[in-house]
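*Asks:* Data file data-v4.cif (mmCIF, N, CA and C atoms) is appended below.
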```
data_work
#
loop_
_atom_site.label_atom_id
_atom_site.label_comp_id
_atom_site.auth_asym_id
_atom_site.auth_seq_id
_atom_site.Cartn_x
_atom_site.Cartn_y
_atom_site.Cartn_z
N MET W 1 -12.49 -20.28 29.60
CA MET W 1 -11.93 -20.81 28.39
C MET W 1 -10.49 -21.24 28.59
N SER W 2 -9.75 -20.53 29.39
CA SER W 2 -8.33 -20.84 29.56
C SER W 2 -8.13 -22.20 30.23
N GLN W 3 -9.00 -22.58 31.16
CA GLN W 3 -8.86 -23.88 31.80
C GLN W 3 -9.15 -25.00 30.81
N ALA W 4 -10.13 -24.82 29.95
CA ALA W 4 -10.42 -25.81 28.92
C ALA W 4 -9.25 -25.93 27.96
N ALA W 5 -8.64 -24.82 27.61
CA ALA W 5 -7.48 -24.85 26.71
C ALA W 5 -6.32 -25.61 27.33
N LYS W 6 -6.12 -25.47 28.62
CA LYS W 6 -5.04 -26.20 29.30
C LYS W 6 -5.26 -27.71 29.20
N LEU W 7 -6.50 -28.14 29.34
CA LEU W 7 -6.80 -29.56 29.21
C LEU W 7 -6.54 -30.06 27.80
N VAL W 8 -6.86 -29.25 26.82
CA VAL W 8 -6.70 -29.64 25.42
C VAL W 8 -5.23 -29.77 25.04
N LYS W 9 -4.38 -28.96 25.62
CA LYS W 9 -2.95 -28.99 25.26
C LYS W 9 -2.34 -30.36 25.50
N ASP W 10 -2.92 -31.15 26.39
CA ASP W 10 -2.41 -32.49 26.65
C ASP W 10 -2.83 -33.50 25.59
N LEU W 11 -3.74 -33.14 24.73
CA LEU W 11 -4.18 -34.04 23.68
C LEU W 11 -3.29 -33.84 22.45
N ALA W 12 -2.48 -34.79 22.13
CA ALA W 12 -1.51 -34.64 21.05
C ALA W 12 -2.13 -34.75 19.67
N THR W 13 -3.37 -35.23 19.57
CA THR W 13 -3.95 -35.46 18.25
C THR W 13 -5.18 -34.62 17.96
N LYS W 14 -5.54 -33.71 18.84
CA LYS W 14 -6.76 -32.92 18.66
C LYS W 14 -6.47 -31.43 18.71
N ALA W 15 -7.01 -30.70 17.76
CA ALA W 15 -6.97 -29.24 17.80
C ALA W 15 -8.37 -28.77 18.17
N VAL W 16 -8.45 -27.68 18.91
CA VAL W 16 -9.75 -27.23 19.41
C VAL W 16 -9.93 -25.74 19.22
N LEU W 17 -11.12 -25.37 18.80
CA LEU W 17 -11.55 -23.97 18.77
C LEU W 17 -12.62 -23.83 19.83
N LEU W 18 -12.42 -22.93 20.76
CA LEU W 18 -13.43 -22.59 21.75
C LEU W 18 -13.95 -21.21 21.37
N ILE W 19 -15.26 -21.08 21.23
CA ILE W 19 -15.83 -19.79 20.85
C ILE W 19 -17.11 -19.58 21.66
N ALA W 20 -17.30 -18.36 22.14
CA ALA W 20 -18.46 -18.08 22.99
C ALA W 20 -18.88 -16.63 22.87
N GLU W 21 -20.15 -16.42 23.07
CA GLU W 21 -20.67 -15.06 23.17
C GLU W 21 -20.29 -14.55 24.55
N ASP W 22 -19.69 -13.39 24.59
CA ASP W 22 -19.24 -12.81 25.86
C ASP W 22 -20.01 -11.50 26.06
N GLY W 23 -21.29 -11.62 26.32
CA GLY W 23 -22.15 -10.46 26.42
C GLY W 23 -22.84 -10.22 25.09
N PRO W 24 -23.68 -9.21 25.02
CA PRO W 24 -24.48 -8.99 23.81
C PRO W 24 -23.69 -8.44 22.62
N THR W 25 -22.49 -7.95 22.85
CA THR W 25 -21.76 -7.32 21.74
C THR W 25 -20.32 -7.82 21.62
N LYS W 26 -20.02 -8.99 22.19
CA LYS W 26 -18.63 -9.47 22.14
C LYS W 26 -18.57 -10.98 21.95
N VAL W 27 -17.66 -11.38 21.09
CA VAL W 27 -17.36 -12.79 20.85
C VAL W 27 -15.93 -13.03 21.33
N ALA W 28 -15.73 -14.08 22.10
CA ALA W 28 -14.38 -14.46 22.52
C ALA W 28 -14.08 -15.83 21.93
N HIS W 29 -12.82 -16.04 21.50
CA HIS W 29 -12.46 -17.34 20.97
C HIS W 29 -11.01 -17.67 21.30
N GLN W 30 -10.74 -18.97 21.35
CA GLN W 30 -9.39 -19.45 21.59
C GLN W 30 -9.16 -20.69 20.74
N CYS W 31 -7.99 -20.76 20.12
CA CYS W 31 -7.59 -21.90 19.31
C CYS W 31 -6.39 -22.55 19.98
N VAL W 32 -6.44 -23.86 20.11
CA VAL W 32 -5.35 -24.61 20.73
C VAL W 32 -4.97 -25.74 19.78
N VAL W 33 -3.67 -25.79 19.44
CA VAL W 33 -3.17 -26.78 18.49
C VAL W 33 -1.92 -27.43 19.07
N PRO W 34 -1.92 -28.76 19.23
CA PRO W 34 -0.72 -29.43 19.75
C PRO W 34 0.41 -29.45 18.72
N LYS W 35 1.63 -29.58 19.20
CA LYS W 35 2.81 -29.53 18.34
C LYS W 35 2.74 -30.47 17.13
N PRO W 36 2.27 -31.71 17.28
CA PRO W 36 2.20 -32.58 16.09
C PRO W 36 1.32 -32.02 14.97
N LEU W 37 0.25 -31.32 15.34
CA LEU W 37 -0.62 -30.74 14.31
C LEU W 37 -0.06 -29.43 13.77
N VAL W 38 0.71 -28.71 14.58
CA VAL W 38 1.41 -27.52 14.07
C VAL W 38 2.39 -27.97 12.98
N ALA W 39 3.08 -29.07 13.23
CA ALA W 39 4.04 -29.61 12.26
C ALA W 39 3.36 -30.02 10.96
N ARG W 40 2.08 -30.35 11.03
CA ARG W 40 1.33 -30.73 9.83
C ARG W 40 0.75 -29.52 9.10
N GLY W 41 0.89 -28.32 9.68
CA GLY W 41 0.47 -27.12 8.96
C GLY W 41 -0.63 -26.28 9.59
N LEU W 42 -1.18 -26.71 10.72
CA LEU W 42 -2.23 -25.93 11.38
C LEU W 42 -1.62 -25.13 12.53
N LYS W 43 -1.62 -23.82 12.41
CA LYS W 43 -1.06 -22.94 13.45
C LYS W 43 -2.20 -22.17 14.10
N ALA W 44 -2.20 -22.16 15.43
CA ALA W 44 -3.27 -21.51 16.18
C ALA W 44 -3.39 -20.03 15.84
N SER W 45 -2.26 -19.35 15.66
CA SER W 45 -2.33 -17.91 15.37
C SER W 45 -3.02 -17.64 14.03
N ASP W 46 -2.74 -18.46 13.03
CA ASP W 46 -3.40 -18.29 11.73
C ASP W 46 -4.88 -18.67 11.80
N TRP W 47 -5.16 -19.72 12.57
CA TRP W 47 -6.54 -20.18 12.74
C TRP W 47 -7.35 -19.10 13.44
N ALA W 48 -6.80 -18.50 14.48
CA ALA W 48 -7.48 -17.42 15.20
C ALA W 48 -7.70 -16.21 14.31
N ALA W 49 -6.74 -15.94 13.43
CA ALA W 49 -6.89 -14.82 12.49
C ALA W 49 -8.08 -15.05 11.56
N ALA W 50 -8.25 -16.30 11.12
CA ALA W 50 -9.38 -16.62 10.24
C ALA W 50 -10.71 -16.42 10.96
N VAL W 51 -10.77 -16.82 12.21
CA VAL W 51 -11.99 -16.65 13.01
C VAL W 51 -12.24 -15.16 13.27
N SER W 52 -11.20 -14.43 13.65
CA SER W 52 -11.33 -13.00 13.93
C SER W 52 -11.80 -12.22 12.72
N ALA W 53 -11.37 -12.64 11.54
CA ALA W 53 -11.79 -11.96 10.32
C ALA W 53 -13.31 -12.05 10.14
N VAL W 54 -13.91 -13.12 10.58
CA VAL W 54 -15.35 -13.30 10.44
C VAL W 54 -16.12 -12.54 11.53
N VAL W 55 -15.62 -12.56 12.75
CA VAL W 55 -16.36 -11.92 13.85
C VAL W 55 -15.97 -10.46 14.06
N GLY W 56 -15.15 -9.92 13.16
CA GLY W 56 -14.82 -8.51 13.20
C GLY W 56 -13.94 -8.09 14.35
N GLY W 57 -12.90 -8.82 14.60
CA GLY W 57 -12.08 -8.50 15.76
C GLY W 57 -10.60 -8.62 15.53
N LYS W 58 -9.90 -8.94 16.61
CA LYS W 58 -8.44 -9.04 16.58
C LYS W 58 -8.02 -10.31 17.28
N LYS W 59 -6.76 -10.67 17.13
CA LYS W 59 -6.25 -11.90 17.75
C LYS W 59 -4.81 -11.71 18.17
N GLY W 60 -4.34 -12.64 18.97
CA GLY W 60 -2.95 -12.66 19.40
C GLY W 60 -2.60 -14.05 19.86
N GLY W 61 -1.33 -14.38 19.81
CA GLY W 61 -0.92 -15.70 20.28
C GLY W 61 0.24 -16.25 19.49
N ASN W 62 0.39 -17.57 19.56
CA ASN W 62 1.50 -18.22 18.88
C ASN W 62 0.99 -19.45 18.13
N ASP W 63 1.92 -20.29 17.67
CA ASP W 63 1.54 -21.45 16.87
C ASP W 63 0.67 -22.45 17.61
N GLU W 64 0.85 -22.56 18.93
CA GLU W 64 0.11 -23.57 19.69
C GLU W 64 -1.13 -23.04 20.40
N SER W 65 -1.18 -21.77 20.69
CA SER W 65 -2.33 -21.21 21.40
C SER W 65 -2.52 -19.75 21.02
N ALA W 66 -3.72 -19.43 20.59
CA ALA W 66 -4.03 -18.05 20.21
C ALA W 66 -5.47 -17.75 20.61
N GLN W 67 -5.73 -16.50 20.89
CA GLN W 67 -7.06 -16.08 21.27
C GLN W 67 -7.42 -14.78 20.57
N GLY W 68 -8.70 -14.49 20.60
CA GLY W 68 -9.14 -13.27 19.96
C GLY W 68 -10.52 -12.88 20.44
N SER W 69 -10.98 -11.77 19.91
CA SER W 69 -12.32 -11.30 20.24
C SER W 69 -12.84 -10.50 19.06
N GLY W 70 -14.13 -10.32 19.06
CA GLY W 70 -14.76 -9.55 17.99
C GLY W 70 -16.10 -9.01 18.47
N SER W 71 -16.75 -8.25 17.61
CA SER W 71 -18.01 -7.61 17.99
C SER W 71 -19.21 -8.12 17.19
N GLU W 72 -18.98 -9.02 16.25
CA GLU W 72 -20.06 -9.51 15.39
C GLU W 72 -20.65 -10.81 15.96
N VAL W 73 -21.41 -10.68 17.04
CA VAL W 73 -22.00 -11.85 17.71
C VAL W 73 -22.87 -12.66 16.75
N SER W 74 -23.55 -12.01 15.86
CA SER W 74 -24.45 -12.70 14.93
C SER W 74 -23.70 -13.60 13.94
N LYS W 75 -22.38 -13.48 13.89
CA LYS W 75 -21.60 -14.27 12.94
C LYS W 75 -20.87 -15.45 13.58
N ILE W 76 -21.25 -15.83 14.79
CA ILE W 76 -20.59 -16.96 15.44
C ILE W 76 -20.71 -18.23 14.61
N ASP W 77 -21.90 -18.52 14.09
CA ASP W 77 -22.07 -19.73 13.28
C ASP W 77 -21.19 -19.69 12.03
N ASP W 78 -21.09 -18.52 11.40
CA ASP W 78 -20.22 -18.37 10.23
C ASP W 78 -18.76 -18.58 10.61
N ALA W 79 -18.39 -18.11 11.79
CA ALA W 79 -17.01 -18.27 12.26
C ALA W 79 -16.68 -19.74 12.50
N ILE W 80 -17.64 -20.49 13.01
CA ILE W 80 -17.42 -21.93 13.23
C ILE W 80 -17.20 -22.64 11.89
N VAL W 81 -18.00 -22.30 10.90
CA VAL W 81 -17.83 -22.90 9.57
C VAL W 81 -16.47 -22.52 9.00
N ALA W 82 -16.10 -21.25 9.10
CA ALA W 82 -14.80 -20.80 8.59
C ALA W 82 -13.66 -21.52 9.31
N ALA W 83 -13.79 -21.71 10.60
CA ALA W 83 -12.76 -22.40 11.38
C ALA W 83 -12.62 -23.85 10.95
N GLN W 84 -13.74 -24.53 10.71
CA GLN W 84 -13.69 -25.91 10.26
C GLN W 84 -13.03 -26.01 8.88
N GLU W 85 -13.39 -25.12 7.99
CA GLU W 85 -12.80 -25.13 6.65
C GLU W 85 -11.30 -24.83 6.72
N PHE W 86 -10.92 -23.87 7.55
CA PHE W 86 -9.51 -23.51 7.69
C PHE W 86 -8.71 -24.71 8.19
N ALA W 87 -9.21 -25.38 9.22
CA ALA W 87 -8.49 -26.52 9.79
C ALA W 87 -8.37 -27.65 8.77
N THR W 88 -9.43 -27.90 8.02
CA THR W 88 -9.40 -28.97 7.02
C THR W 88 -8.36 -28.69 5.94
N VAL W 89 -8.30 -27.47 5.48
CA VAL W 89 -7.35 -27.10 4.42
C VAL W 89 -5.91 -27.16 4.91
N HIS W 90 -5.67 -26.75 6.15
CA HIS W 90 -4.30 -26.63 6.66
C HIS W 90 -3.74 -27.89 7.31
N LEU W 91 -4.58 -28.87 7.55
CA LEU W 91 -4.06 -30.14 8.07
C LEU W 91 -3.75 -31.03 6.88
N LYS W 92 -2.47 -31.10 6.55
CA LYS W 92 -2.04 -31.84 5.36
C LYS W 92 -1.69 -33.25 5.71
#
```
Transcribe the structure of this file into structure tokens.
*Replies:*
Amino acid sequence: MSQAAKLVKDLATKAVLLIAEDGPTKVAHQCVVPKPLVARGLKASDWAAAVSAVVGGKKGGNDESAQGSGSEVSKIDDAIVAAQEFATVHLK
């Protein structure tokens, strides 16, 4: 996931959520937001918090890159929906 995030950081107009099942009981996710989109209101740390709240986990990071994990593998689809809604609301 970290190599994909590095590639995304070069895209000034795209924010990305990477989310994956990491074994039968763990969800890993990473949010990457370029500076122009942070300035518009989407912060990776807040976005990761929204995803972590759905998958039952924790997060860490900063405005441009944040990651997290959780234990609710069955809620990955719900987390994707929540992430899309969060990004839509926060990109002003």
*Asks:* So what does the PyMOL selection byres (((chain W and resi 55 and name CA) around 6) and name CA) actually pick up in this one, as a list of chain:residue names?
*Replies:* W:Ser52, W:Ala53, W:Val54, W:Gly56, W:Gly57, W:Gly70, W:Glu72, W:Lys75
*Asks:* Report, as lines of an AutoDock Vina configuration file, the axis-aligned box around all atoms of segment 57-68 of chain W present in the file, extended by 5 Å on each side; give centre and edge lengths in Å to one decimal place.
*Replies:*
```
center_x = -5.5
center_y = -16.0
center_z = 18.0
size_x = 24.8
size_y = 25.1
size_z = 16.8
```
*Asks:* Taking the chain letters and numbering used in this document, name the residues of chain W that DSSP puts in strand (DSSP E), as a list in words.
*Replies:*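 Result set for chain W (strand (DSSP E)): Val16, Leu17, Leu18, Ile19, Ala20, Glu21, Val27, Ala28, His29, Gln30, Cys31, Val32, Gly57, Lys58, Lys59, Gly60, Gly61, Ser65, Ala66, Gln67, Gly68, Ser69 and Gly70 of chain W.
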*Asks:* Quote the spacing between atom CA of Ala48 of chain W and atom CA of Ile19 of chain W in Å to one decimal place.
*Replies:*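 Separating atom CA of Ala48 of chain W from atom CA of Ile19 of chain W is a distance of 10.4 Å.
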*Asks:* Rounded to one decimal place, report the atom CA of Pro34 of chain W-atom C of Ser74 of chain W distance in Å.
*Replies:*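 Taking atom CA of Pro34 of chain W as the start and atom C of Ser74 of chain W as the end point, the length is 28.5 Å.
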*Asks:* So how many Å separate atom CA of Glu21 of chain W and atom CA of Gly60 of chain W, to one decimal?
*Replies:*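 Value for the atom CA of Glu21 of chain W-atom CA of Gly60 of chain W distance: 18.3 Å.
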*Asks:* Please identify all polymer residues within 6 Å of Val16 of chain W, counting all atoms listed in the file, omitting same-chain residues fewer than 6 positions from it, and present them as a VMD selection string.
*Replies:* chain W and resid 30 to 33
*Asks:* Please determine, counting all atoms listed in the file, which residue among W:Lys58, W:Val51, W:Val73, W:Lys92 has the shortest atom-to-atom distance to Leu37 of chain W.
*Replies:*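 Ranked by minimum distance to Leu37 of chain W, first place goes to W:Lys92.
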*Asks:* Hey, which of W:Ala39, W:Val27, W:Ala50, W:Ala44 ends up closest to Ala15 of chain W? Count only C-alpha atoms.
*Replies:*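 Looking at the shortest contact to Ala15 of chain W, the residue is W:Ala44.
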*Asks:* Per DSSP on the backbone, filter chain W down to the residues in helix (DSSP H, G or I) and report them as an MDAnalysis selection string.
*Replies:* chainID W and resid 2:9 35:39 44:55 73:90
*Asks:* Using only C-alpha atoms, pick whichever of W:Thr25, W:Ser45, W:Thr88, W:Thr13 has the shortest atom-to-atom distance to Ser65 of chain W.
*Replies:*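 Result for the nearest residue to Ser65 of chain W: W:Ser45.
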*Asks:* Using all atoms listed in the file, which of the listed residues (W:Lys43, W:Ile80, W:Val38, W:Ala12) sits closest to Asn62 of chain W?
*Replies:*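 Selected residue with least distance to Asn62 of chain W: W:Lys43.
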*Asks:* Could you pull the residues within 8 Å of Leu91 of chain W, counting only C-alpha atoms, minus those fewer than 6 positions along the same chain, as a list in words?
*Replies:*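 My list of contacting residues is Leu37, Arg40, Gly41 and Leu42 of chain W.
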*Asks:* Can you spit out the residues from that selection as a PDB file, keeping the file's coordinate frame, using N, CA and C atoms?
*Replies:*
```pdb
ATOM      1  N   LEU W  37       0.250 -31.320  15.340  1.00  0.00           N
ATOM      2  CA  LEU W  37      -0.620 -30.740  14.310  1.00  0.00           C
ATOM      3  C   LEU W  37      -0.060 -29.430  13.770  1.00  0.00           C
ATOM      4  N   ARG W  40       2.080 -30.350  11.030  1.00  0.00           N
ATOM      5  CA  ARG W  40       1.330 -30.730   9.830  1.00  0.00           C
ATOM      6  C   ARG W  40       0.750 -29.520   9.100  1.00  0.00           C
ATOM      7  N   GLY W  41       0.890 -28.320   9.680  1.00  0.00           N
ATOM      8  CA  GLY W  41       0.470 -27.120   8.960  1.00  0.00           C
ATOM      9  C   GLY W  41      -0.630 -26.280   9.590  1.00  0.00           C
ATOM     10  N   LEU W  42      -1.180 -26.710  10.720  1.00  0.00           N
ATOM     11  CA  LEU W  42      -2.230 -25.930  11.380  1.00  0.00           C
ATOM     12  C   LEU W  42      -1.620 -25.130  12.530  1.00  0.00           C
TER      13      LEU W  42
END
```
*Asks:* Smallest atom-to-atom distance to Asp77 of chain W: which of W:Lys26, W:Asp63, W:Val89, W:Ala20, using only C-alpha atoms?
*Replies:*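 For Asp77 of chain W, the nearest of the given residues is W:Ala20.
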*Asks:* Go through W:Ser69, W:Ala49, W:Leu18, W:Glu64 and flag the residue nearest Lys35 of chain W, using all atoms listed in the file for the distances.
*Replies:*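 Under the stated criterion, the closest residue is W:Glu64.
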